[in-house]
Amino acid sequence: MNKIKYLKPLWWVLHIVAIVFVLWLGHSIKF
Amino acid sequence: MKKKIKFLLVFALFFASLGGGLLHYKVHPFVKVGYGWVPFIVGLITIFIVPVLFYFKKTLNLAYLLNGFAVIIGTITMAHFSLVIRPLWPDILLLWSKFAIGRAIFCLEVYPLDSSPKVKGWNLIRYPQLGFWFVHLAAWSVVYILGNLFWR
């Protein structure tokens with residue numbers, strides 16, 4: 001299967017960055 | 001023929017992104033405050049960078065990830081907009097055509113054309129299967145809702 005080897009060590013970093021970004025997006029968008 | 005189909009799909013993705021980007025820009029141009037840069041930057045990335053990344057096999061995975069997550073961001077924010085301001089459901093459906101095109105390019109490159117891979121169990125929700133995207137759509141929605149409701 002086609003795996004992304006170079007992203008594997010960054011798994012935690014990517015998830016934390018994504019969670020903070022999406023939390024911030026939900027926080028900042030007030031329609 | 002495979003190369004030709006891939007080229008056409010990359011173009012389809014480019015035009016779909018360009019159309020979506022221009023439509024979006026017409027509705028509300030770059031907003032300098034708050035989150036306004038997000039649709040603008042994501043739009044630029046999906047119009048000019050993602051189709052190019054899809055074209056090269058070395059950057060195929062990155063393109064597949066960027067494309068999928070851009071669709072997820074768009075879906076969540078436009079669904080929020082649809083529920084609060086006015087319905088944008090047709091736009092969300094159009095956005096998912098970009099996801100399908102991206103997955104088509106990915107599958108074209110990764111799997112032999114006449115294969116039908118059997119994926120079972122845990123692997124169904126792991127990269128690069130469709131389940132991976134459903135799990136992330138659900139997870140991003142939950143995180144977005146938490147940010148919207150509890151981060152004041």
# chains A, B, ... in the order shown; residues from 1 in each chain; ligands from 1

call {"tool": "closest_atom_pairs", "arguments": {"of": "chain A", "to": "chain B", "cutoff": "6 Å", "atoms": "only C-alpha atoms", "output": "JSON lines"}}
result
{"residue": "A:Val22", "atom": "CA", "partner": "B:Tyr144", "partner_atom": "CA", "distance": 5.4}
{"residue": "A:Leu23", "atom": "CA", "partner": "B:Gly147", "partner_atom": "CA", "distance": 4.3}
{"residue": "A:Gly26", "atom": "CA", "partner": "B:Asn148", "partner_atom": "CA", "distance": 4.2}
{"residue": "A:His27", "atom": "CA", "partner": "B:Asn148", "partner_atom": "CA", "distance": 4.4}

call {"tool": "select_by_dssp", "arguments": {"residues": "stretch 6-120 of chain B", "states": "helix (DSSP H, G or I)", "output": "PyMOL selection string"}}
result
chain B and resi 6-27+34-55+57-84+89-110

call {"tool": "closest_atom_pairs", "arguments": {"of": "stretch 51-93 of chain B", "to": "stretch 99-105 of chain B", "cutoff": "9 Å", "atoms": "only C-alpha atoms", "output": "tab-separated table"}}
result
residue	atom	partner	partner_atom	distance
B:Pro51	CA	B:Gly102	CA	8.8
B:Phe54	CA	B:Ile105	CA	7.3
B:Tyr55	CA	B:Ile105	CA	8.6
B:Leu60	CA	B:Ile105	CA	8.6
B:Ala63	CA	B:Gly102	CA	8.0
B:Tyr64	CA	B:Gly102	CA	6.2
B:Asn67	CA	B:Phe99	CA	6.7
B:Gly68	CA	B:Phe99	CA	6.0
B:Ala70	CA	B:Phe99	CA	8.9
B:Val71	CA	B:Phe99	CA	6.5

call {"tool": "atom_distance", "arguments": {"atom1": "atom CA of B:Lys57", "atom2": "atom CA of B:Gln129"}}
result
18.0 Å

call {"tool": "atom_distance", "arguments": {"atom1": "atom CA of B:Ile47", "atom2": "atom CA of B:Ser17"}}
result
5.1 Å

call {"tool": "atom_distance", "arguments": {"atom1": "atom CA of B:Ser97", "atom2": "atom CA of B:Lys6"}}
result
15.7 Å
